[in-house]
Amino acid sequence: MAFMTLLPTLLHITITMVMKNIFIYSLDEIQYEIWVFPGIVILISILSTYSVIYRDLFNLRIHKKAFIPITLAPYSKPYLVIAILISAIIESLLYGSIAMIILSFFLPQALHWSAYAFIPIYSFIFLLLFGNLVLTFSILVERISSFLFLTIILFFFIIFGTGIIVEFEFYPKLLGMILSYNPFSMVLSELRGFLFFDQINLIFIAVPILVALGWTWFNGYILKRKLKQ
């Protein structure tokens with residue numbers, strides 16, 4: 001409960017209240033507090049997803065606890081990967097939903113009710129991608145120090161490379177173009193396009209979903225090869 005209530009407030013104070021003095025409006029003339037709102041909600045969900053997958057997969061595997069008996073259950077490895085992934089996402093969406101309620105009190109104006117319905121839907125797609133990336137690290141990495149190092153790099157990329165807090169137009173042109181077309185950025189860009197301009201780009205929805213589904217199968221495959229079962 002402390003995590004669910006304090007984290008949104010902390011992120012609002014340390015990110016939104018600081019950045020809004022630099023970027024008062026987005027390039028599309030949207031107040032920064034409103035523009036960044038979906039990104040902060042997704043960021044909170046990301047932190048929850050990471051902690052759950054670390055607990056349920058990497059920690060159990062690296063310390064040789066209950067993970068091997070779990071993998072010997074009569075279920076396929078892709079099924080096991082999906083179970084870990086979906087359970088993590090469901091828990092994370094709960095955190096994200098509570099964060100939306102708390103952060104809404106800090107907004108200068110109320111969002112349309114549809115925002116509170118569609119942010120969790122797009123968050124689910126984003127978390128499918130992020131969860132699969134953490135699962136890949138959890139399956140392949142053998143040392144805790146290496147896992148923590150990759151985690152630091154991962155969060156730098158998520159915060160600064162997906163458009164969560166800064167628009168890509170502020171980056172060098174080529175770098176901004178490359179970052180804007182990665183699957184993570186597509187989800188967040190499409191979410192903001194829908195919330196603020198009522199625009200839907202099916203390609204920006206389909207590509208992340210297809211990547212996430214293929215990545216889930218790949219994680220099941222490498223888990224099977226890793227365990228030699």
# chains A, B, ... in the order shown; residues from 1 in each chain; ligands from 1
>>> residues_around(residues="A:Ser180", least_positions_apart="5", cutoff="12 Å", atoms="only C-alpha atoms", output="ChimeraX atom specification")
/A:160-164,166-175,185-190,204
>>> closest_atom_pairs(of="stretch 72-122 of chain A", to="stretch 9-30 of chain A", cutoff="12 Å", atoms="only C-alpha atoms", output="JSON lines")
{"residue": "A:Ile98", "atom": "CA", "partner": "A:Thr9", "partner_atom": "CA", "distance": 11.5}
{"residue": "A:Ala99", "atom": "CA", "partner": "A:Thr9", "partner_atom": "CA", "distance": 8.6}
{"residue": "A:Met100", "atom": "CA", "partner": "A:Thr9", "partner_atom": "CA", "distance": 10.8}
{"residue": "A:Ile101", "atom": "CA", "partner": "A:Thr9", "partner_atom": "CA", "distance": 11.1}
{"residue": "A:Ile102", "atom": "CA", "partner": "A:Thr9", "partner_atom": "CA", "distance": 7.6}
{"residue": "A:Leu103", "atom": "CA", "partner": "A:Thr9", "partner_atom": "CA", "distance": 7.1}
{"residue": "A:Ser104", "atom": "CA", "partner": "A:His12", "partner_atom": "CA", "distance": 10.6}
{"residue": "A:Phe105", "atom": "CA", "partner": "A:Thr9", "partner_atom": "CA", "distance": 10.1}
{"residue": "A:Phe106", "atom": "CA", "partner": "A:His12", "partner_atom": "CA", "distance": 8.1}
{"residue": "A:Leu107", "atom": "CA", "partner": "A:His12", "partner_atom": "CA", "distance": 10.1}
{"residue": "A:Pro108", "atom": "CA", "partner": "A:Ile30", "partner_atom": "CA", "distance": 11.5}
{"residue": "A:Gln109", "atom": "CA", "partner": "A:Ile30", "partner_atom": "CA", "distance": 11.4}
>>> write_last_selection(atoms="N, CA and C atoms", output="PDB file, in the first residue's frame")
ATOM      1  N   ILE A  98      -4.303   2.403  -9.655  1.00  0.00           N
ATOM      2  CA  ILE A  98      -4.292   3.211  -8.429  1.00  0.00           C
ATOM      3  C   ILE A  98      -3.475   4.480  -8.652  1.00  0.00           C
ATOM      4  N   ALA A  99      -2.359   4.349  -9.403  1.00  0.00           N
ATOM      5  CA  ALA A  99      -1.530   5.522  -9.699  1.00  0.00           C
ATOM      6  C   ALA A  99      -2.309   6.553 -10.510  1.00  0.00           C
ATOM      7  N   MET A 100      -3.148   6.092 -11.452  1.00  0.00           N
ATOM      8  CA  MET A 100      -3.951   7.024 -12.239  1.00  0.00           C
ATOM      9  C   MET A 100      -4.867   7.851 -11.344  1.00  0.00           C
ATOM     10  N   ILE A 101      -5.477   7.187 -10.388  1.00  0.00           N
ATOM     11  CA  ILE A 101      -6.389   7.893  -9.483  1.00  0.00           C
ATOM     12  C   ILE A 101      -5.645   8.940  -8.665  1.00  0.00           C
ATOM     13  N   ILE A 102      -4.479   8.548  -8.140  1.00  0.00           N
ATOM     14  CA  ILE A 102      -3.697   9.477  -7.313  1.00  0.00           C
ATOM     15  C   ILE A 102      -3.174  10.638  -8.148  1.00  0.00           C
ATOM     16  N   LEU A 103      -2.603  10.335  -9.327  1.00  0.00           N
ATOM     17  CA  LEU A 103      -2.018  11.386 -10.160  1.00  0.00           C
ATOM     18  C   LEU A 103      -3.068  12.329 -10.725  1.00  0.00           C
ATOM     19  N   SER A 104      -4.292  11.850 -10.877  1.00  0.00           N
ATOM     20  CA  SER A 104      -5.342  12.702 -11.430  1.00  0.00           C
ATOM     21  C   SER A 104      -5.622  13.904 -10.537  1.00  0.00           C
ATOM     22  N   PHE A 105      -5.334  13.791  -9.231  1.00  0.00           N
ATOM     23  CA  PHE A 105      -5.551  14.916  -8.326  1.00  0.00           C
ATOM     24  C   PHE A 105      -4.547  16.039  -8.567  1.00  0.00           C
ATOM     25  N   PHE A 106      -3.408  15.720  -9.230  1.00  0.00           N
ATOM     26  CA  PHE A 106      -2.384  16.730  -9.489  1.00  0.00           C
ATOM     27  C   PHE A 106      -2.554  17.397 -10.851  1.00  0.00           C
ATOM     28  N   LEU A 107      -3.465  16.912 -11.670  1.00  0.00           N
ATOM     29  CA  LEU A 107      -3.626  17.451 -13.018  1.00  0.00           C
ATOM     30  C   LEU A 107      -4.296  18.830 -12.979  1.00  0.00           C
ATOM     31  N   PRO A 108      -3.875  19.742 -13.847  1.00  0.00           N
ATOM     32  CA  PRO A 108      -4.503  21.071 -13.877  1.00  0.00           C
ATOM     33  C   PRO A 108      -5.926  21.035 -14.401  1.00  0.00           C
ATOM     34  N   GLN A 109      -6.270  20.003 -15.167  1.00  0.00           N
ATOM     35  CA  GLN A 109      -7.645  19.833 -15.638  1.00  0.00           C
ATOM     36  C   GLN A 109      -7.932  18.348 -15.778  1.00  0.00           C
TER      37      GLN A 109
END
>>> closest_residue(among="A:Leu47, A:Tyr54, A:His112, A:Gln31", to="A:Phe137", atoms="only C-alpha atoms")
A:Tyr54
>>> select_by_dssp(residues="stretch 48-220 of chain A", states="alpha helix (DSSP H)", output="NGL selection string")
:A and (48-53 or 59-62 or 67-71 or 77-104 or 113-140 or 144-161 or 173-180 or 183-197 or 202-220)
>>> residues_around(residues="A:Asp198", least_positions_apart="3", cutoff="12 Å", atoms="only C-alpha atoms", output="mmCIF file with N, CA, C and O atoms, in the first residue's frame")
data_model
loop_
_atom_site.group_PDB
_atom_site.id
_atom_site.type_symbol
_atom_site.label_atom_id
_atom_site.label_comp_id
_atom_site.auth_asym_id
_atom_site.auth_seq_id
_atom_site.Cartn_x
_atom_site.Cartn_y
_atom_site.Cartn_z
ATOM 1 N N HIS A 112 -10.657 13.220 -20.014
ATOM 2 C CA HIS A 112 -11.907 12.561 -20.394
ATOM 3 C C HIS A 112 -11.936 11.162 -19.790
ATOM 4 O O HIS A 112 -10.888 10.518 -19.611
ATOM 5 N N SER A 114 -12.580 8.418 -20.988
ATOM 6 C CA SER A 114 -12.016 7.372 -21.851
ATOM 7 C C SER A 114 -10.532 7.162 -21.589
ATOM 8 O O SER A 114 -10.009 6.068 -21.818
ATOM 9 N N ALA A 115 -9.850 8.205 -21.101
ATOM 10 C CA ALA A 115 -8.420 8.066 -20.807
ATOM 11 C C ALA A 115 -8.184 6.998 -19.750
ATOM 12 O O ALA A 115 -7.251 6.191 -19.852
ATOM 13 N N PHE A 118 -8.632 3.541 -21.473
ATOM 14 C CA PHE A 118 -7.716 3.096 -22.516
ATOM 15 C C PHE A 118 -6.248 3.080 -22.079
ATOM 16 O O PHE A 118 -5.451 2.350 -22.677
ATOM 17 N N GLU A 190 1.080 5.987 -29.915
ATOM 18 C CA GLU A 190 -0.295 5.711 -30.322
ATOM 19 C C GLU A 190 -1.271 6.041 -29.193
ATOM 20 O O GLU A 190 -2.374 6.550 -29.442
ATOM 21 N N LEU A 191 -0.883 5.779 -27.954
ATOM 22 C CA LEU A 191 -1.738 6.105 -26.814
ATOM 23 C C LEU A 191 -1.988 7.603 -26.741
ATOM 24 O O LEU A 191 -3.128 8.056 -26.583
ATOM 25 N N ARG A 192 -0.928 8.389 -26.866
ATOM 26 C CA ARG A 192 -1.091 9.843 -26.805
ATOM 27 C C ARG A 192 -1.881 10.356 -28.010
ATOM 28 O O ARG A 192 -2.680 11.279 -27.883
ATOM 29 N N GLY A 193 -1.648 9.764 -29.175
ATOM 30 C CA GLY A 193 -2.410 10.168 -30.349
ATOM 31 C C GLY A 193 -3.897 9.930 -30.167
ATOM 32 O O GLY A 193 -4.730 10.747 -30.578
ATOM 33 N N PHE A 194 -4.231 8.816 -29.522
ATOM 34 C CA PHE A 194 -5.641 8.506 -29.288
ATOM 35 C C PHE A 194 -6.243 9.416 -28.225
ATOM 36 O O PHE A 194 -7.360 9.930 -28.390
ATOM 37 N N LEU A 195 -5.505 9.647 -27.126
ATOM 38 C CA LEU A 195 -6.047 10.431 -26.019
ATOM 39 C C LEU A 195 -6.227 11.898 -26.383
ATOM 40 O O LEU A 195 -7.230 12.521 -26.016
ATOM 41 N N ASN A 201 -3.658 4.660 -35.255
ATOM 42 C CA ASN A 201 -2.766 4.112 -36.277
ATOM 43 C C ASN A 201 -2.652 2.614 -36.020
ATOM 44 O O ASN A 201 -1.963 2.193 -35.085
#
>>> closest_residue(among="A:Ser92, A:Asn219, A:Ser138, A:Thr151", to="A:Ser45", atoms="only C-alpha atoms")
A:Ser92
>>> residues_around(residues="A:Pro78", least_positions_apart="3", cutoff="6 Å", atoms="only C-alpha atoms", output="tab-separated table (two decimals) with all heavy atoms, in the first residue's frame")
chain	number	residue	atom	x	y	z
A	81	VAL	N	6.05	-19.45	-19.40
A	81	VAL	CA	6.44	-18.06	-19.63
A	81	VAL	C	5.21	-17.16	-19.64
A	81	VAL	O	5.20	-16.08	-19.03
A	81	VAL	CB	7.22	-17.94	-20.96
A	81	VAL	CG1	7.33	-16.48	-21.39
A	81	VAL	CG2	8.60	-18.56	-20.82
A	217	TRP	N	6.95	-16.51	-27.48
A	217	TRP	CA	7.31	-17.85	-27.96
A	217	TRP	C	8.83	-18.05	-27.88
A	217	TRP	O	9.30	-19.13	-27.48
A	217	TRP	CB	6.85	-18.02	-29.41
A	217	TRP	CG	7.31	-19.33	-29.99
A	217	TRP	CD1	6.68	-20.54	-29.91
A	217	TRP	CD2	8.53	-19.57	-30.72
A	217	TRP	NE1	7.43	-21.51	-30.54
A	217	TRP	CE2	8.57	-20.94	-31.04
A	217	TRP	CE3	9.58	-18.74	-31.11
A	217	TRP	CZ2	9.63	-21.51	-31.75
A	217	TRP	CZ3	10.64	-19.30	-31.81
A	217	TRP	CH2	10.65	-20.66	-32.12
A	220	GLY	N	9.92	-18.84	-24.38
A	220	GLY	CA	9.62	-20.23	-24.05
A	220	GLY	C	10.65	-21.18	-24.66
A	220	GLY	O	11.07	-22.16	-24.02
>>> closest_residue(among="A:Ile152, A:Leu6, A:Leu129, A:Val52", to="A:Gly214", atoms="only C-alpha atoms")
A:Leu129
>>> closest_residue(among="A:Leu128, A:Leu80, A:Leu227, A:Leu60", to="A:Leu140", atoms="only C-alpha atoms")
A:Leu227
>>> atom_distance(atom1="atom CA of A:Arg143", atom2="atom CA of A:Ile86")
25.3 Å
>>> residues_around(residues="A:Ile209", least_positions_apart="2", cutoff="10 Å", atoms="only C-alpha atoms", output="list in words")
Phe124, Ile125, Phe126, Leu128, Leu129, Pro183, Val187, Ile203, Phe204, Ile205, Ala206, Val207, Val211, Ala212, Leu213, Gly214 and Trp215 of chain A
>>> closest_residue(among="A:Ser146, A:Gln199, A:Thr216, A:Asn182", to="A:Ile158", atoms="only C-alpha atoms")
A:Asn182
>>> residues_around(residues="A:Ser48", least_positions_apart="6", cutoff="9 Å", atoms="only C-alpha atoms", output="JSON, numbers by chain")
{"A": [88, 89, 91, 92, 93, 95, 96]}
>>> write_last_selection(atoms="N, CA, C and O atoms", output="compact mmCIF listing (two decimals), in the first residue's frame")
# COMPACT_ATOMS: atom_id res chain seq x y z
N ALA A 88 2.35 -11.16 -13.74
CA ALA A 88 3.07 -9.92 -13.45
C ALA A 88 2.32 -8.71 -13.99
O ALA A 88 2.23 -7.67 -13.33
N ILE A 89 1.76 -8.84 -15.19
CA ILE A 89 1.07 -7.72 -15.82
C ILE A 89 -0.22 -7.38 -15.06
O ILE A 89 -0.54 -6.20 -14.86
N GLU A 91 -0.89 -7.80 -11.89
CA GLU A 91 -0.53 -7.10 -10.66
C GLU A 91 -0.09 -5.67 -10.96
O GLU A 91 -0.43 -4.72 -10.25
N SER A 92 0.66 -5.50 -12.06
CA SER A 92 1.16 -4.18 -12.42
C SER A 92 0.04 -3.24 -12.85
O SER A 92 0.09 -2.04 -12.57
N LEU A 93 -0.96 -3.77 -13.55
CA LEU A 93 -2.09 -2.93 -13.96
C LEU A 93 -2.87 -2.43 -12.75
O LEU A 93 -3.45 -1.34 -12.78
N TYR A 95 -1.45 -1.66 -9.84
CA TYR A 95 -0.65 -0.53 -9.38
C TYR A 95 -0.89 0.68 -10.28
O TYR A 95 -1.02 1.82 -9.80
N GLY A 96 -0.91 0.44 -11.60
CA GLY A 96 -1.09 1.54 -12.53
C GLY A 96 -2.44 2.21 -12.39
O GLY A 96 -2.56 3.44 -12.48
>>> atom_distance(atom1="atom CA of A:Val41", atom2="atom CA of A:Ile82")
23.1 Å
>>> atom_distance(atom1="atom CA of A:Ile40", atom2="atom CA of A:Leu57")
25.8 Å
>>> decode(residues="stretch 143-155 of chain A", atoms="all heavy atoms", output="PDB file, in the first residue's frame")
ATOM      1  N   ARG A 143      24.627 -14.118 -13.609  1.00  0.00           N
ATOM      2  CA  ARG A 143      25.205 -13.436 -12.450  1.00  0.00           C
ATOM      3  C   ARG A 143      24.308 -12.270 -12.038  1.00  0.00           C
ATOM      4  O   ARG A 143      23.785 -11.546 -12.892  1.00  0.00           O
ATOM      5  CB  ARG A 143      26.609 -12.920 -12.754  1.00  0.00           C
ATOM      6  CG  ARG A 143      27.605 -14.020 -13.081  1.00  0.00           C
ATOM      7  CD  ARG A 143      28.939 -13.411 -13.517  1.00  0.00           C
ATOM      8  NE  ARG A 143      29.529 -12.624 -12.441  1.00  0.00           N
ATOM      9  CZ  ARG A 143      30.322 -13.131 -11.498  1.00  0.00           C
ATOM     10  NH1 ARG A 143      30.613 -14.427 -11.512  1.00  0.00           N
ATOM     11  NH2 ARG A 143      30.834 -12.361 -10.567  1.00  0.00           N
ATOM     12  N   ILE A 144      24.153 -12.099 -10.736  1.00  0.00           N
ATOM     13  CA  ILE A 144      23.311 -11.016 -10.230  1.00  0.00           C
ATOM     14  C   ILE A 144      23.886  -9.664 -10.632  1.00  0.00           C
ATOM     15  O   ILE A 144      23.143  -8.748 -11.009  1.00  0.00           O
ATOM     16  CB  ILE A 144      23.179 -11.117  -8.697  1.00  0.00           C
ATOM     17  CG1 ILE A 144      22.452 -12.410  -8.303  1.00  0.00           C
ATOM     18  CG2 ILE A 144      22.439  -9.904  -8.143  1.00  0.00           C
ATOM     19  CD1 ILE A 144      22.325 -12.616  -6.821  1.00  0.00           C
ATOM     20  N   SER A 145      25.203  -9.494 -10.564  1.00  0.00           N
ATOM     21  CA  SER A 145      25.818  -8.221 -10.927  1.00  0.00           C
ATOM     22  C   SER A 145      25.545  -7.869 -12.384  1.00  0.00           C
ATOM     23  O   SER A 145      25.267  -6.709 -12.712  1.00  0.00           O
ATOM     24  CB  SER A 145      27.330  -8.272 -10.674  1.00  0.00           C
ATOM     25  OG  SER A 145      27.924  -9.341 -11.399  1.00  0.00           O
ATOM     26  N   SER A 146      25.615  -8.865 -13.264  1.00  0.00           N
ATOM     27  CA  SER A 146      25.320  -8.622 -14.679  1.00  0.00           C
ATOM     28  C   SER A 146      23.855  -8.246 -14.875  1.00  0.00           C
ATOM     29  O   SER A 146      23.524  -7.371 -15.681  1.00  0.00           O
ATOM     30  CB  SER A 146      25.647  -9.871 -15.509  1.00  0.00           C
ATOM     31  OG  SER A 146      27.004 -10.213 -15.403  1.00  0.00           O
ATOM     32  N   PHE A 147      22.976  -8.912 -14.134  1.00  0.00           N
ATOM     33  CA  PHE A 147      21.546  -8.619 -14.238  1.00  0.00           C
ATOM     34  C   PHE A 147      21.256  -7.190 -13.787  1.00  0.00           C
ATOM     35  O   PHE A 147      20.484  -6.472 -14.441  1.00  0.00           O
ATOM     36  CB  PHE A 147      20.759  -9.619 -13.388  1.00  0.00           C
ATOM     37  CG  PHE A 147      19.268  -9.521 -13.560  1.00  0.00           C
ATOM     38  CD1 PHE A 147      18.635 -10.170 -14.605  1.00  0.00           C
ATOM     39  CD2 PHE A 147      18.496  -8.779 -12.673  1.00  0.00           C
ATOM     40  CE1 PHE A 147      17.256 -10.088 -14.775  1.00  0.00           C
ATOM     41  CE2 PHE A 147      17.127  -8.697 -12.826  1.00  0.00           C
ATOM     42  CZ  PHE A 147      16.512  -9.352 -13.877  1.00  0.00           C
ATOM     43  N   LEU A 148      21.870  -6.751 -12.704  1.00  0.00           N
ATOM     44  CA  LEU A 148      21.663  -5.392 -12.212  1.00  0.00           C
ATOM     45  C   LEU A 148      22.215  -4.368 -13.190  1.00  0.00           C
ATOM     46  O   LEU A 148      21.612  -3.309 -13.408  1.00  0.00           O
ATOM     47  CB  LEU A 148      22.313  -5.227 -10.835  1.00  0.00           C
ATOM     48  CG  LEU A 148      21.696  -6.048  -9.704  1.00  0.00           C
ATOM     49  CD1 LEU A 148      22.486  -5.861  -8.408  1.00  0.00           C
ATOM     50  CD2 LEU A 148      20.237  -5.655  -9.480  1.00  0.00           C
ATOM     51  N   PHE A 149      23.366  -4.669 -13.795  1.00  0.00           N
ATOM     52  CA  PHE A 149      23.952  -3.761 -14.784  1.00  0.00           C
ATOM     53  C   PHE A 149      23.027  -3.605 -15.990  1.00  0.00           C
ATOM     54  O   PHE A 149      22.776  -2.496 -16.464  1.00  0.00           O
ATOM     55  CB  PHE A 149      25.323  -4.292 -15.222  1.00  0.00           C
ATOM     56  CG  PHE A 149      25.999  -3.451 -16.265  1.00  0.00           C
ATOM     57  CD1 PHE A 149      26.570  -2.238 -15.935  1.00  0.00           C
ATOM     58  CD2 PHE A 149      26.047  -3.872 -17.588  1.00  0.00           C
ATOM     59  CE1 PHE A 149      27.188  -1.454 -16.901  1.00  0.00           C
ATOM     60  CE2 PHE A 149      26.659  -3.103 -18.557  1.00  0.00           C
ATOM     61  CZ  PHE A 149      27.229  -1.887 -18.212  1.00  0.00           C
ATOM     62  N   LEU A 150      22.490  -4.730 -16.476  1.00  0.00           N
ATOM     63  CA  LEU A 150      21.557  -4.675 -17.601  1.00  0.00           C
ATOM     64  C   LEU A 150      20.272  -3.950 -17.217  1.00  0.00           C
ATOM     65  O   LEU A 150      19.671  -3.254 -18.045  1.00  0.00           O
ATOM     66  CB  LEU A 150      21.242  -6.091 -18.078  1.00  0.00           C
ATOM     67  CG  LEU A 150      22.357  -6.826 -18.809  1.00  0.00           C
ATOM     68  CD1 LEU A 150      21.982  -8.287 -19.048  1.00  0.00           C
ATOM     69  CD2 LEU A 150      22.680  -6.150 -20.141  1.00  0.00           C
ATOM     70  N   THR A 151      19.866  -4.110 -15.963  1.00  0.00           N
ATOM     71  CA  THR A 151      18.659  -3.431 -15.491  1.00  0.00           C
ATOM     72  C   THR A 151      18.819  -1.915 -15.533  1.00  0.00           C
ATOM     73  O   THR A 151      17.907  -1.189 -15.942  1.00  0.00           O
ATOM     74  CB  THR A 151      18.327  -3.874 -14.062  1.00  0.00           C
ATOM     75  OG1 THR A 151      18.032  -5.275 -14.057  1.00  0.00           O
ATOM     76  CG2 THR A 151      17.127  -3.102 -13.512  1.00  0.00           C
ATOM     77  N   ILE A 152      19.981  -1.430 -15.118  1.00  0.00           N
ATOM     78  CA  ILE A 152      20.242   0.014 -15.145  1.00  0.00           C
ATOM     79  C   ILE A 152      20.164   0.537 -16.580  1.00  0.00           C
ATOM     80  O   ILE A 152      19.522   1.561 -16.853  1.00  0.00           O
ATOM     81  CB  ILE A 152      21.618   0.320 -14.528  1.00  0.00           C
ATOM     82  CG1 ILE A 152      21.605  -0.006 -13.032  1.00  0.00           C
ATOM     83  CG2 ILE A 152      21.985   1.793 -14.745  1.00  0.00           C
ATOM     84  CD1 ILE A 152      22.967   0.068 -12.377  1.00  0.00           C
ATOM     85  N   ILE A 153      20.806  -0.184 -17.509  1.00  0.00           N
ATOM     86  CA  ILE A 153      20.757   0.207 -18.919  1.00  0.00           C
ATOM     87  C   ILE A 153      19.323   0.183 -19.428  1.00  0.00           C
ATOM     88  O   ILE A 153      18.872   1.082 -20.150  1.00  0.00           O
ATOM     89  CB  ILE A 153      21.638  -0.724 -19.770  1.00  0.00           C
ATOM     90  CG1 ILE A 153      23.102  -0.572 -19.365  1.00  0.00           C
ATOM     91  CG2 ILE A 153      21.472  -0.427 -21.258  1.00  0.00           C
ATOM     92  CD1 ILE A 153      24.041  -1.534 -20.069  1.00  0.00           C
ATOM     93  N   LEU A 154      18.581  -0.856 -19.048  1.00  0.00           N
ATOM     94  CA  LEU A 154      17.196  -1.008 -19.489  1.00  0.00           C
ATOM     95  C   LEU A 154      16.338   0.167 -19.049  1.00  0.00           C
ATOM     96  O   LEU A 154      15.573   0.736 -19.845  1.00  0.00           O
ATOM     97  CB  LEU A 154      16.619  -2.323 -18.948  1.00  0.00           C
ATOM     98  CG  LEU A 154      15.122  -2.558 -19.151  1.00  0.00           C
ATOM     99  CD1 LEU A 154      14.770  -2.566 -20.633  1.00  0.00           C
ATOM    100  CD2 LEU A 154      14.689  -3.863 -18.478  1.00  0.00           C
ATOM    101  N   PHE A 155      16.461   0.575 -17.792  1.00  0.00           N
ATOM    102  CA  PHE A 155      15.619   1.664 -17.304  1.00  0.00           C
ATOM    103  C   PHE A 155      16.019   3.010 -17.902  1.00  0.00           C
ATOM    104  O   PHE A 155      15.161   3.874 -18.119  1.00  0.00           O
ATOM    105  CB  PHE A 155      15.639   1.707 -15.778  1.00  0.00           C
ATOM    106  CG  PHE A 155      14.646   0.771 -15.152  1.00  0.00           C
ATOM    107  CD1 PHE A 155      15.044  -0.456 -14.650  1.00  0.00           C
ATOM    108  CD2 PHE A 155      13.309   1.099 -15.094  1.00  0.00           C
ATOM    109  CE1 PHE A 155      14.130  -1.329 -14.089  1.00  0.00           C
ATOM    110  CE2 PHE A 155      12.376   0.233 -14.537  1.00  0.00           C
ATOM    111  CZ  PHE A 155      12.789  -0.985 -14.032  1.00  0.00           C
TER     112      PHE A 155
END
